[in-house]
$ cat target.cif   # mmCIF, C-alpha atoms and all ligand atoms
data_work
#
loop_
_atom_site.label_atom_id
_atom_site.label_comp_id
_atom_site.auth_asym_id
_atom_site.auth_seq_id
_atom_site.Cartn_x
_atom_site.Cartn_y
_atom_site.Cartn_z
CA MET A 26 129.96 83.16 -143.09
CA GLY A 27 131.05 79.64 -142.35
CA ASP A 28 129.19 79.34 -139.06
CA LYS A 29 125.60 79.31 -140.16
CA PRO A 30 123.35 77.41 -137.76
CA THR A 31 121.81 74.11 -138.80
CA ILE A 32 118.07 73.97 -139.02
CA ALA A 33 115.54 71.13 -138.84
CA ILE A 34 111.88 71.37 -139.75
CA SER A 35 109.24 69.42 -137.93
CA HIS A 36 106.21 69.20 -140.13
CA LEU A 37 102.58 68.78 -139.06
CA GLY A 38 99.23 69.17 -140.73
CA CYS A 39 97.91 68.99 -144.24
CA GLU A 40 99.44 69.06 -147.69
CA LYS A 41 99.06 72.84 -147.87
CA ASN A 42 101.31 73.11 -144.87
CA ARG A 43 103.62 70.62 -146.51
CA ILE A 44 104.13 72.91 -149.47
CA ASP A 45 104.98 75.76 -147.09
CA THR A 46 107.50 73.47 -145.40
CA GLU A 47 109.01 72.62 -148.78
CA HIS A 48 109.37 76.30 -149.66
CA MET A 49 110.99 77.11 -146.33
CA LEU A 50 113.45 74.26 -146.85
CA GLY A 51 114.17 75.49 -150.37
CA LEU A 52 114.71 79.08 -149.22
CA LEU A 53 116.99 78.06 -146.36
CA VAL A 54 119.10 75.75 -148.53
CA GLU A 55 119.39 78.46 -151.18
CA ALA A 56 120.62 80.87 -148.51
CA GLY A 57 123.35 78.41 -147.55
CA TYR A 58 121.89 76.95 -144.36
CA SER A 59 122.36 73.29 -143.70
CA VAL A 60 119.07 71.64 -143.10
CA ASP A 61 119.23 68.54 -140.96
CA SER A 62 116.50 66.01 -140.68
CA ASN A 63 117.72 65.18 -137.18
CA GLU A 64 116.18 67.62 -134.74
CA GLU A 65 118.66 66.67 -132.05
CA LEU A 66 121.61 67.91 -134.09
CA ALA A 67 120.03 71.12 -135.31
CA ASN A 68 120.52 74.52 -133.67
CA TYR A 69 117.03 75.62 -134.57
CA VAL A 70 113.89 73.63 -135.12
CA ILE A 71 111.15 75.16 -137.21
CA VAL A 72 107.82 73.63 -136.21
CA ASN A 73 105.30 74.08 -139.00
CA THR A 74 102.14 73.69 -136.96
CA CYS A 75 98.53 72.79 -137.65
CA SER A 76 95.56 74.42 -135.96
CA PHE A 77 92.69 72.97 -137.91
CA ILE A 78 90.87 71.29 -135.02
CA GLN A 79 91.52 70.63 -131.35
CA SER A 80 93.27 67.28 -131.87
CA ALA A 81 95.63 68.82 -134.44
CA ARG A 82 96.48 71.62 -132.01
CA GLU A 83 97.19 69.11 -129.27
CA GLU A 84 99.63 67.31 -131.53
CA SER A 85 101.35 70.58 -132.41
CA VAL A 86 101.57 71.55 -128.73
CA ARG A 87 103.03 68.15 -127.83
CA THR A 88 105.74 68.61 -130.45
CA LEU A 89 106.51 72.11 -129.18
CA VAL A 90 106.70 70.98 -125.56
CA GLU A 91 108.98 68.03 -126.37
CA LEU A 92 111.37 70.30 -128.23
CA ALA A 93 111.26 72.88 -125.46
CA GLN A 94 112.16 70.17 -122.94
CA ALA A 95 115.11 69.26 -125.14
CA ASP A 96 116.21 72.92 -124.91
CA LYS A 97 115.80 73.59 -128.60
CA LYS A 98 115.46 77.05 -130.05
CA ILE A 99 112.08 76.91 -131.70
CA VAL A 100 110.68 78.86 -134.62
CA ILE A 101 106.90 78.40 -134.75
CA THR A 102 105.33 78.68 -138.19
CA GLY A 103 102.05 77.55 -139.75
CA CYS A 104 98.46 77.74 -138.67
CA MET A 105 98.99 77.79 -134.92
CA ALA A 106 101.42 80.67 -135.29
CA GLN A 107 98.77 82.56 -137.24
CA HIS A 108 96.10 81.61 -134.74
CA PHE A 109 97.79 82.36 -131.42
CA GLN A 110 100.68 84.68 -132.29
CA GLU A 111 101.77 86.62 -129.15
CA GLN A 112 100.34 83.97 -126.85
CA LEU A 113 102.84 81.37 -128.09
CA LEU A 114 105.79 83.68 -127.43
CA ASP A 115 104.44 84.39 -123.95
CA GLU A 116 103.89 80.79 -123.05
CA LEU A 117 106.94 79.19 -124.60
CA PRO A 118 110.21 80.86 -123.59
CA GLU A 119 112.09 78.54 -125.94
CA ALA A 120 110.25 80.04 -128.92
CA VAL A 121 112.59 82.48 -130.64
CA ALA A 122 110.17 83.43 -133.41
CA VAL A 123 106.56 83.18 -134.49
CA VAL A 124 105.93 83.39 -138.23
CA GLY A 125 102.45 83.51 -139.80
CA THR A 126 100.99 81.65 -142.78
CA GLY A 127 101.44 84.74 -144.98
CA ASP A 128 105.06 85.31 -143.90
CA TYR A 129 106.88 81.98 -144.08
CA HIS A 130 108.70 83.09 -147.24
CA LYS A 131 110.69 85.53 -145.05
CA ILE A 132 112.14 82.64 -143.05
CA VAL A 133 115.75 83.39 -144.01
CA ASP A 134 115.44 86.94 -142.71
CA VAL A 135 113.73 85.67 -139.56
CA ILE A 136 116.61 83.30 -138.81
CA SER A 137 119.23 86.01 -139.26
CA ARG A 138 117.30 88.39 -136.99
CA VAL A 139 117.02 85.67 -134.39
CA GLN A 140 120.75 85.03 -134.74
CA ALA A 141 121.32 88.69 -134.01
CA GLY A 142 119.47 88.25 -130.72
CA GLU A 143 115.98 89.43 -131.62
CA ARG A 144 112.80 87.58 -130.64
CA VAL A 145 110.79 87.85 -133.84
CA LYS A 146 107.06 88.06 -134.30
CA LEU A 147 106.15 88.21 -137.96
CA VAL A 148 102.46 87.56 -138.50
CA SER A 149 100.50 89.48 -141.13
CA PRO A 150 96.96 89.91 -139.78
CA GLU A 151 95.51 88.98 -143.20
CA PRO A 152 97.72 86.54 -145.07
CA THR A 153 97.91 87.48 -148.76
CA TYR A 154 101.08 85.77 -149.90
CA ILE A 155 101.19 82.82 -152.26
CA ALA A 156 104.43 81.20 -153.42
CA ASP A 157 104.99 80.62 -157.13
CA GLU A 158 107.32 78.76 -159.46
CA THR A 159 110.17 81.17 -158.67
CA THR A 160 110.11 80.36 -154.95
CA PRO A 161 112.76 77.73 -154.17
CA ARG A 162 111.28 74.42 -153.12
CA TYR A 163 112.73 71.24 -151.72
CA ARG A 164 110.24 68.42 -152.09
CA THR A 165 109.57 66.05 -149.21
CA THR A 166 107.13 63.60 -150.83
CA THR A 167 108.15 60.36 -152.56
CA GLU A 168 109.91 61.11 -155.81
CA GLY A 169 107.07 60.35 -158.20
CA VAL A 170 104.50 62.67 -156.65
CA ALA A 171 104.27 66.41 -156.01
CA TYR A 172 101.59 68.74 -154.74
CA LEU A 173 101.01 71.86 -156.78
CA ARG A 174 99.18 74.71 -155.10
CA ILE A 175 97.01 76.61 -157.53
CA ALA A 176 95.36 78.95 -155.00
CA GLU A 177 95.46 79.69 -151.31
CA GLY A 178 92.78 80.90 -148.89
CA CYS A 179 89.00 80.83 -149.09
CA ASP A 180 86.28 83.43 -149.63
CA TYR A 181 83.51 81.32 -148.12
CA ARG A 182 82.62 81.31 -144.48
CA CYS A 183 81.36 77.87 -143.56
CA ALA A 184 80.15 77.98 -139.98
CA PHE A 185 82.52 75.27 -138.71
CA CYS A 186 85.65 76.27 -140.56
CA ILE A 187 88.59 78.28 -139.28
CA ILE A 188 90.59 78.13 -142.51
CA PRO A 189 89.73 81.62 -143.82
CA HIS A 190 90.79 83.01 -140.45
CA LEU A 191 94.10 81.16 -140.65
CA ARG A 192 94.85 81.36 -144.35
CA GLY A 193 93.05 84.49 -145.57
CA ASN A 194 90.91 85.05 -148.63
CA GLN A 195 91.41 83.26 -151.91
CA ARG A 196 94.31 84.26 -154.13
CA SER A 197 95.03 82.26 -157.26
CA ARG A 198 98.23 81.90 -159.20
CA SER A 199 98.15 82.59 -162.91
CA ILE A 200 97.70 79.72 -165.36
CA GLU A 201 101.18 80.49 -166.78
CA SER A 202 102.79 80.29 -163.35
CA ILE A 203 101.14 76.96 -162.54
CA VAL A 204 101.99 75.46 -165.92
CA THR A 205 105.62 76.58 -165.59
CA GLU A 206 105.87 74.85 -162.23
CA ALA A 207 104.13 71.73 -163.56
CA LYS A 208 106.71 71.54 -166.39
CA LEU A 209 109.52 71.93 -163.89
CA LEU A 210 108.12 69.13 -161.73
CA ALA A 211 107.68 66.90 -164.78
CA SER A 212 111.29 67.53 -165.80
CA GLN A 213 112.33 66.37 -162.32
CA GLY A 214 110.66 63.01 -162.93
CA VAL A 215 107.36 63.66 -161.17
CA LYS A 216 104.64 61.34 -162.47
CA GLU A 217 101.69 62.57 -160.47
CA ILE A 218 100.84 66.20 -159.82
CA ILE A 219 98.14 66.86 -157.27
CA LEU A 220 96.41 70.20 -157.59
CA ILE A 221 95.44 71.69 -154.27
CA SER A 222 93.74 74.78 -152.92
CA GLN A 223 90.78 75.31 -150.59
CA ILE A 224 88.24 75.19 -153.41
CA THR A 225 89.80 74.00 -156.61
CA THR A 226 86.62 74.61 -158.60
CA ASN A 227 86.84 78.33 -157.67
CA TYR A 228 90.34 78.57 -159.07
CA GLY A 229 90.91 81.87 -160.85
CA LEU A 230 87.81 83.69 -159.63
CA ASP A 231 89.81 86.31 -157.74
CA LEU A 232 92.38 86.79 -160.49
CA TYR A 233 90.33 86.57 -163.67
CA GLY A 234 86.85 87.50 -162.42
CA GLU A 235 85.53 84.00 -163.19
CA PRO A 236 86.57 80.44 -162.40
CA LYS A 237 89.24 79.20 -164.81
CA LEU A 238 89.66 75.59 -163.80
CA ALA A 239 88.65 74.26 -167.23
CA GLU A 240 91.23 76.47 -168.95
CA LEU A 241 93.87 75.47 -166.42
CA LEU A 242 93.22 71.75 -166.90
CA LYS A 243 93.48 72.08 -170.67
CA GLU A 244 96.82 73.88 -170.38
CA LEU A 245 98.10 71.33 -167.88
CA GLY A 246 97.04 68.63 -170.33
CA LYS A 247 99.93 69.78 -172.54
CA VAL A 248 102.49 69.11 -169.82
CA ASP A 249 104.30 65.80 -170.14
CA VAL A 250 103.14 64.28 -166.87
CA PRO A 251 101.01 61.11 -166.81
CA TRP A 252 98.73 61.87 -163.86
CA ILE A 253 97.12 65.10 -162.76
CA ARG A 254 94.79 64.74 -159.80
CA MET A 255 92.46 67.37 -158.38
CA HIS A 256 91.58 67.71 -154.75
CA TYR A 257 88.63 69.68 -153.28
CA ALA A 258 86.29 69.95 -156.25
CA TYR A 259 82.97 71.40 -155.18
CA PRO A 260 80.07 69.70 -156.95
CA THR A 261 78.42 72.93 -158.01
CA GLY A 262 81.71 74.10 -159.52
CA LEU A 263 81.99 71.00 -161.70
CA THR A 264 80.28 72.79 -164.55
CA PRO A 265 79.81 71.24 -168.01
CA LYS A 266 82.89 73.20 -169.07
CA VAL A 267 85.04 71.69 -166.32
CA ILE A 268 83.69 68.20 -166.94
CA GLU A 269 84.39 68.57 -170.64
CA ALA A 270 87.97 69.65 -169.84
CA MET A 271 88.36 66.59 -167.60
CA VAL A 272 87.05 64.26 -170.28
CA GLU A 273 89.17 65.81 -173.04
CA THR A 274 92.41 65.98 -171.11
CA PRO A 275 93.76 62.43 -170.89
CA ASN A 276 96.27 63.06 -168.11
CA VAL A 277 93.63 64.51 -165.78
CA LEU A 278 92.52 61.57 -163.67
CA PRO A 279 88.80 60.89 -163.37
CA TYR A 280 89.03 61.29 -159.61
CA LEU A 281 86.58 63.52 -157.81
CA ASP A 282 87.33 64.61 -154.29
CA LEU A 283 84.06 66.22 -153.24
CA PRO A 284 83.96 67.66 -149.73
CA LEU A 285 80.18 67.30 -149.32
CA GLN A 286 80.12 67.45 -145.47
CA HIS A 287 76.43 66.53 -145.19
CA SER A 288 73.36 65.66 -147.23
CA HIS A 289 70.49 67.21 -145.30
CA PRO A 290 69.55 70.66 -146.60
CA GLU A 291 68.88 72.00 -143.11
CA ILE A 292 72.31 71.01 -141.87
CA LEU A 293 73.98 72.30 -145.03
CA ARG A 294 72.17 75.59 -144.51
CA ALA A 295 73.18 75.74 -140.86
CA MET A 296 76.76 74.97 -141.95
CA ASN A 297 76.55 77.93 -144.34
CA ARG A 298 77.96 75.76 -147.07
CA PRO A 299 78.37 77.64 -150.35
CA TRP A 300 75.79 75.56 -152.20
CA GLN A 301 73.58 75.00 -149.14
CA GLY A 302 70.69 72.72 -150.10
CA SER A 303 71.88 71.84 -153.59
CA VAL A 304 73.92 68.81 -152.54
CA ASN A 305 71.33 66.30 -153.49
CA ASP A 306 70.84 63.11 -155.41
CA ALA A 307 70.45 64.96 -158.68
CA ILE A 308 73.86 66.60 -158.54
CA VAL A 309 75.64 63.36 -157.67
CA GLU A 310 73.75 61.46 -160.37
CA LYS A 311 74.61 64.15 -162.89
CA LEU A 312 78.30 63.82 -162.10
CA LYS A 313 78.14 60.03 -162.33
CA ALA A 314 76.44 60.24 -165.72
CA ALA A 315 78.95 62.77 -167.04
CA LEU A 316 82.00 60.93 -165.70
CA PRO A 317 80.96 57.27 -165.46
CA LYS A 318 84.49 56.11 -164.73
CA ALA A 319 85.13 58.67 -162.02
CA VAL A 320 86.34 57.54 -158.64
CA MET A 321 84.42 59.46 -156.00
CA ARG A 322 85.81 60.38 -152.62
CA THR A 323 83.95 62.53 -150.16
CA THR A 324 84.07 63.65 -146.55
CA PHE A 325 81.29 64.21 -144.05
CA ILE A 326 80.98 65.87 -140.68
CA VAL A 327 78.64 64.20 -138.22
CA GLY A 328 77.35 65.83 -135.07
CA PHE A 329 77.06 69.39 -136.31
CA PRO A 330 75.06 71.35 -133.69
CA GLY A 331 71.36 70.60 -134.08
CA GLU A 332 71.88 67.39 -136.08
CA THR A 333 68.85 65.29 -135.22
CA ASP A 334 68.34 61.58 -135.72
CA GLU A 335 66.37 62.46 -138.80
CA HIS A 336 69.19 64.56 -140.30
CA TYR A 337 71.67 61.84 -139.52
CA THR A 338 69.50 59.09 -141.01
CA HIS A 339 69.20 61.21 -144.14
CA LEU A 340 72.99 61.16 -144.38
CA LEU A 341 73.17 57.39 -143.79
CA GLN A 342 70.73 56.78 -146.61
CA PHE A 343 72.52 59.21 -148.89
CA VAL A 344 75.81 57.34 -148.36
CA LYS A 345 74.11 54.00 -148.91
CA ARG A 346 72.46 55.22 -152.11
CA HIS A 347 75.46 56.73 -153.79
CA GLN A 348 78.08 54.03 -153.20
CA PHE A 349 81.06 56.38 -153.08
CA ASP A 350 84.47 54.78 -153.51
CA HIS A 351 86.05 56.42 -150.48
CA VAL A 352 84.39 58.22 -147.58
CA GLY A 353 86.05 60.10 -144.72
CA VAL A 354 83.95 60.86 -141.65
CA PHE A 355 84.82 63.46 -139.01
CA THR A 356 83.07 64.40 -135.82
CA PHE A 357 82.19 68.07 -135.50
CA SER A 358 84.87 70.03 -133.65
CA PRO A 359 83.73 73.32 -132.10
CA GLU A 360 86.33 75.93 -133.01
CA GLU A 361 86.40 79.21 -131.17
CA GLU A 362 86.23 82.10 -133.63
CA THR A 363 83.82 80.18 -135.86
CA PRO A 364 80.05 80.76 -135.76
CA ALA A 365 79.32 77.08 -135.07
CA TYR A 366 81.13 77.36 -131.76
CA LYS A 367 78.27 79.33 -130.26
CA LEU A 368 75.40 77.43 -131.84
CA PRO A 369 72.86 75.86 -129.49
CA ASN A 370 72.19 72.11 -129.40
CA GLN A 371 75.79 70.96 -129.39
CA LEU A 372 75.87 67.15 -129.38
CA PRO A 373 77.69 65.04 -126.79
CA GLN A 374 81.01 63.67 -128.00
CA GLU A 375 79.89 60.03 -127.47
CA LEU A 376 76.91 60.50 -129.75
CA MET A 377 79.07 62.10 -132.43
CA GLU A 378 81.55 59.25 -132.22
CA ALA A 379 78.82 56.62 -132.35
CA ARG A 380 77.42 58.27 -135.47
CA ARG A 381 80.86 58.45 -137.06
CA ASP A 382 81.54 54.78 -136.33
CA GLU A 383 78.18 53.69 -137.67
CA LEU A 384 78.60 55.69 -140.87
CA MET A 385 82.09 54.29 -141.38
CA GLU A 386 80.80 50.78 -140.83
CA LEU A 387 78.07 51.34 -143.36
CA GLN A 388 80.67 52.46 -145.91
CA GLN A 389 83.11 49.59 -145.38
CA PRO A 390 81.34 46.91 -147.46
CA ILE A 391 80.75 49.53 -150.16
CA SER A 392 84.46 50.39 -150.31
CA LEU A 393 85.27 46.68 -150.30
CA GLN A 394 82.94 46.03 -153.16
CA ARG A 395 84.33 48.97 -155.16
CA ASN A 396 87.86 47.66 -154.61
CA GLN A 397 86.85 44.10 -155.51
CA GLN A 398 85.67 45.34 -158.89
CA GLU A 399 89.35 45.84 -159.70
CA ILE A 400 90.19 42.14 -159.31
CA GLY A 401 91.14 40.69 -162.67
CA GLN A 402 91.92 44.11 -164.14
CA VAL A 403 95.34 45.40 -165.15
CA VAL A 404 95.83 48.88 -163.77
CA ASP A 405 98.62 51.43 -163.79
CA VAL A 406 100.39 51.72 -160.45
CA LEU A 407 102.84 54.42 -159.40
CA ILE A 408 105.52 52.65 -157.35
CA GLU A 409 106.39 54.65 -154.24
CA GLN A 410 108.07 52.41 -151.67
CA GLU A 411 109.84 49.11 -151.29
CA ASN A 412 109.55 47.01 -148.17
CA PRO A 413 113.23 46.47 -147.32
CA GLU A 414 112.53 43.12 -145.66
CA THR A 415 110.25 41.43 -148.15
CA GLY A 416 111.15 43.32 -151.31
CA GLU A 417 107.46 43.92 -151.87
CA LEU A 418 106.66 47.12 -153.71
CA ILE A 419 104.00 49.55 -152.56
CA GLY A 420 102.27 52.06 -154.77
CA ARG A 421 98.98 53.60 -155.75
CA SER A 422 96.65 53.29 -158.69
CA ALA A 423 94.67 56.23 -160.07
CA ARG A 424 91.84 55.25 -157.69
CA PHE A 425 93.91 56.18 -154.67
CA SER A 426 95.16 59.58 -153.59
CA PRO A 427 98.15 59.69 -151.21
CA GLU A 428 97.57 59.79 -147.44
CA VAL A 429 93.77 59.58 -147.61
CA ASP A 430 93.04 56.50 -149.73
CA GLY A 431 94.48 53.00 -149.94
CA LEU A 432 97.62 51.44 -151.41
CA VAL A 433 98.47 48.76 -153.93
CA TYR A 434 100.83 46.03 -152.73
CA VAL A 435 102.78 44.78 -155.70
CA GLN A 436 104.86 41.69 -156.45
CA GLY A 437 107.52 42.09 -159.10
CA GLU A 438 110.34 44.45 -159.93
CA ALA A 439 110.10 48.12 -160.83
CA ALA A 440 111.98 51.32 -160.15
CA LEU A 441 110.68 53.65 -157.45
CA GLY A 442 108.82 56.52 -159.08
CA SER A 443 107.82 54.53 -162.17
CA ILE A 444 104.32 53.68 -163.37
CA VAL A 445 103.86 50.00 -164.20
CA PRO A 446 100.95 47.74 -165.21
CA VAL A 447 99.76 45.55 -162.35
CA ALA A 448 97.29 42.66 -162.56
CA ILE A 449 95.05 42.98 -159.50
CA SER A 450 94.45 39.65 -157.79
CA ASP A 451 92.99 40.60 -154.41
CA ALA A 452 91.34 43.47 -152.56
CA ASP A 453 90.25 44.41 -149.08
CA ILE A 454 88.37 47.43 -147.74
CA TYR A 455 91.30 49.78 -148.19
CA ASP A 456 93.97 48.21 -150.37
CA LEU A 457 94.61 46.22 -153.54
CA TYR A 458 97.12 43.45 -154.22
CA GLY A 459 98.67 42.41 -157.51
CA GLN A 460 101.54 41.38 -159.72
CA ILE A 461 103.45 43.40 -162.29
CA VAL A 462 102.73 42.22 -165.82
CA ASN A 463 104.64 42.94 -168.98
CA SER A 464 101.76 44.09 -171.07
CA TYR A 465 98.16 45.16 -170.76
CA ASN A 466 96.80 42.09 -172.56
S1 LIG Y 1 84.66 76.28 -148.32
FE1 LIG Y 1 84.07 76.32 -146.21
S2 LIG Y 1 85.03 74.46 -145.34
FE2 LIG Y 1 86.07 74.89 -147.22
S3 LIG Y 1 87.86 76.14 -146.61
FE3 LIG Y 1 86.19 77.54 -147.23
S4 LIG Y 1 85.20 78.07 -145.33
FE4 LIG Y 1 86.40 76.20 -144.96
#

$ encode --input "target.cif" --output "structure tokens"
Amino acid sequence: MGDKPTIAISHLGCEKNRIDTEHMLGLLVEAGYSVDSNEELANYVIVNTCSFIQSAREESVRTLVELAQADKKIVITGCMAQHFQEQLLDELPEAVAVVGTGDYHKIVDVISRVQAGERVKLVSPEPTYIADETTPRYRTTTEGVAYLRIAEGCDYRCAFCIIPHLRGNQRSRSIESIVTEAKLLASQGVKEIILISQITTNYGLDLYGEPKLAELLKELGKVDVPWIRMHYAYPTGLTPKVIEAMVETPNVLPYLDLPLQHSHPEILRAMNRPWQGSVNDAIVEKLKAALPKAVMRTTFIVGFPGETDEHYTHLLQFVKRHQFDHVGVFTFSPEEETPAYKLPNQLPQELMEARRDELMELQQPISLQRNQQEIGQVVDVLIEQENPETGELIGRSARFSPEVDGLVYVQGEAALGSIVPVAISDADIYDLYGQIVNSYN
């Protein structure tokens, strides 16, 4: 058939959604569709939506409305499709299909059914699918970096979180499958593989009956890729076995992304966090002692229902004490269909924002100081972009994860996607500045 429609994908949301986008692109290209990055020229626009919190939904809705006004035929995929299903078809006449988070791999079939005149709703009530190394994929990140999903879904039920509702329970890929994909990515020139899931430290529990992160890291250590970075490591899951695997596997970066969310045991209990009250000084100190070079990133939620001044002050002091490298702070967002939505003592938005701002201000000099410690050092930097006007290169060192952390601005010449030694000469709260050097001496 020479008259296949052209398709564009508009991508929103997190890196998990990004991988789904990349698989849809891969599947469509494999089936002979032309995928156009220009939405105006495409016959169909797939909008891979996010539904994590209210502001993310608003952004997704804005995108949908703009496309509808431009008379586009819209295929809605991703978390909002899973969340609102029928409702989206009812409210958006331009939507020709709604496809859930466990069904995006059937996108080629969906497009042909739509072509045949059907309005398709394909949303598994409980998503169970996870793509593997055999699923075509067309990467959309800069050439040196790739996300690698090791598991999808979550078995926990934190009171504020809608993820299990949108993405289902945890299902892990096998070690062999992940390693095969890692080798494939390495052979394509990828220098940094970022392992993602909802709880990376629970990897394998569903499949093998026990967490297998340590085993996975050791196997990935044999893949010829310089950087392997883990996201979403839960402190209680960083067992001596996992720490040992991190220490013994040179290409696993000493980077800990710990979604702590709060420090006060009462709030952690109210949040129904998996480890509840065990996020404490001792666990952080233990990690620091075991991995003294580790870069620590964490995120917190302020303004959870019932958070008193005392709870909040506890968090301020915790952040001050532990001197994390990077801290993200979010205000609580009440999500319907989560238990926290109905909790009493919801805090006013202004108070939540004031707490967020204060906590971020407290962290800024700490982040600055951590960055300044790099001045005078020579560090490896993965070059990702070049400023076309100034010729300046932009990359990241092992201290920085894409999207969430800072950048390294680099003077000198290097190929995009290469890792080069950079002498750091300056630093601010977020970023580092330096010059490429020829050797590490
Ligand atoms: S651990 Fe909690 S916050 Fe994280 S995805 Fe699962 S339910 Fe959500």

$ axis_aligned_box --input "target.cif" --around "ligand LIG 1 (chain Y)" --padding-each-side "3 Å" --output "JSON"
{"center_x": 86.0, "center_y": 76.3, "center_z": -146.6, "size_x": 9.8, "size_y": 9.6, "size_z": 9.4}

$ residues_near_point --input "target.cif" --point "(90.9, 44.3, -152.8)" --cutoff "9 Å" --atoms "only C-alpha atoms" --output "PyMOL selection string"
chain A and resi 393-400+433+449-458

$ write_last_selection --input "target.cif" --atoms "C-alpha atoms" --output "tab-separated table (two decimals), in the frame of the given file"
chain	number	residue	atom	x	y	z
A	393	LEU	CA	85.27	46.68	-150.30
A	394	GLN	CA	82.94	46.03	-153.16
A	395	ARG	CA	84.33	48.97	-155.16
A	396	ASN	CA	87.86	47.66	-154.61
A	397	GLN	CA	86.85	44.10	-155.51
A	398	GLN	CA	85.67	45.34	-158.89
A	399	GLU	CA	89.35	45.84	-159.70
A	400	ILE	CA	90.19	42.14	-159.31
A	433	VAL	CA	98.47	48.76	-153.93
A	449	ILE	CA	95.05	42.98	-159.50
A	450	SER	CA	94.45	39.65	-157.79
A	451	ASP	CA	92.99	40.60	-154.41
A	452	ALA	CA	91.34	43.47	-152.56
A	453	ASP	CA	90.25	44.41	-149.08
A	454	ILE	CA	88.37	47.43	-147.74
A	455	TYR	CA	91.30	49.78	-148.19
A	456	ASP	CA	93.97	48.21	-150.37
A	457	LEU	CA	94.61	46.22	-153.54
A	458	TYR	CA	97.12	43.45	-154.22

$ closest_residue --input "target.cif" --among "A:Gln342, A:Ser197, A:Ser59, A:Thr167" --to "Tyr154 (chain A)" --atoms "only C-alpha atoms"
A:Ser197

$ atom_distance --input "target.cif" --atom1 "CA of Ser80 (chain A)" --atom2 "CA of Ser62 (chain A)"
24.9 Å

$ residues_near_ligand --input "target.cif" --ligand "ligand LIG 1 (chain Y)" --cutoff "8 Å" --atoms "only C-alpha atoms and all ligand atoms" --output "ChimeraX atom specification"
/A:178-189,223-224,284,297-299

$ write_last_selection --input "target.cif" --atoms "C-alpha atoms" --output "PDB file, keeping the file's coordinate frame"
ATOM      1  CA  GLY A 178      92.780  80.900-148.890  1.00  0.00           C
ATOM      2  CA  CYS A 179      89.000  80.830-149.090  1.00  0.00           C
ATOM      3  CA  ASP A 180      86.280  83.430-149.630  1.00  0.00           C
ATOM      4  CA  TYR A 181      83.510  81.320-148.120  1.00  0.00           C
ATOM      5  CA  ARG A 182      82.620  81.310-144.480  1.00  0.00           C
ATOM      6  CA  CYS A 183      81.360  77.870-143.560  1.00  0.00           C
ATOM      7  CA  ALA A 184      80.150  77.980-139.980  1.00  0.00           C
ATOM      8  CA  PHE A 185      82.520  75.270-138.710  1.00  0.00           C
ATOM      9  CA  CYS A 186      85.650  76.270-140.560  1.00  0.00           C
ATOM     10  CA  ILE A 187      88.590  78.280-139.280  1.00  0.00           C
ATOM     11  CA  ILE A 188      90.590  78.130-142.510  1.00  0.00           C
ATOM     12  CA  PRO A 189      89.730  81.620-143.820  1.00  0.00           C
ATOM     13  CA  GLN A 223      90.780  75.310-150.590  1.00  0.00           C
ATOM     14  CA  ILE A 224      88.240  75.190-153.410  1.00  0.00           C
ATOM     15  CA  PRO A 284      83.960  67.660-149.730  1.00  0.00           C
ATOM     16  CA  ASN A 297      76.550  77.930-144.340  1.00  0.00           C
ATOM     17  CA  ARG A 298      77.960  75.760-147.070  1.00  0.00           C
ATOM     18  CA  PRO A 299      78.370  77.640-150.350  1.00  0.00           C
TER      19      PRO A 299
END

$ atom_distance --input "target.cif" --atom1 "CA of Gly262 (chain A)" --atom2 "CA of Thr226 (chain A)"
5.0 Å

$ closest_residue --input "target.cif" --among "A:Tyr257, A:Ala171, A:Leu245, A:Ala439" --to "Met271 (chain A)" --atoms "only C-alpha atoms"
A:Leu245

$ closest_residue --input "target.cif" --among "A:Val145, A:Val124, A:Met385, A:Ala423" --to "Thr356 (chain A)" --atoms "only C-alpha atoms"
A:Met385

$ residues_around --input "target.cif" --residues "Tyr129 (chain A)" --least-positions-apart "6" --cutoff "8 Å" --atoms "all atoms listed in the file" --output "list in words"
Asp45, Met49, Thr102 and Gly103 of chain A

$ write_last_selection --input "target.cif" --atoms "C-alpha atoms" --output "short mmCIF file (atom, residue, chain, number, x, y, z; two decimals), in the frame of the given file"
data_model
loop_
_atom_site.label_atom_id
_atom_site.label_comp_id
_atom_site.auth_asym_id
_atom_site.auth_seq_id
_atom_site.Cartn_x
_atom_site.Cartn_y
_atom_site.Cartn_z
CA ASP A 45 104.98 75.76 -147.09
CA MET A 49 110.99 77.11 -146.33
CA THR A 102 105.33 78.68 -138.19
CA GLY A 103 102.05 77.55 -139.75
#

$ residues_near_point --input "target.cif" --point "(118.4, 84.5, -137.4)" --cutoff "10 Å" --atoms "all atoms listed in the file" --output "list in words"
Lys29, Pro30, Tyr69, Val100, Val121, Ala122, Ile132, Val133, Asp134, Val135, Ile136, Ser137, Arg138, Val139, Gln140, Ala141, Gly142, Glu143, Arg144 and Val145 of chain A

$ atom_distance --input "target.cif" --atom1 "CA of Val354 (chain A)" --atom2 "CA of Leu384 (chain A)"
7.5 Å
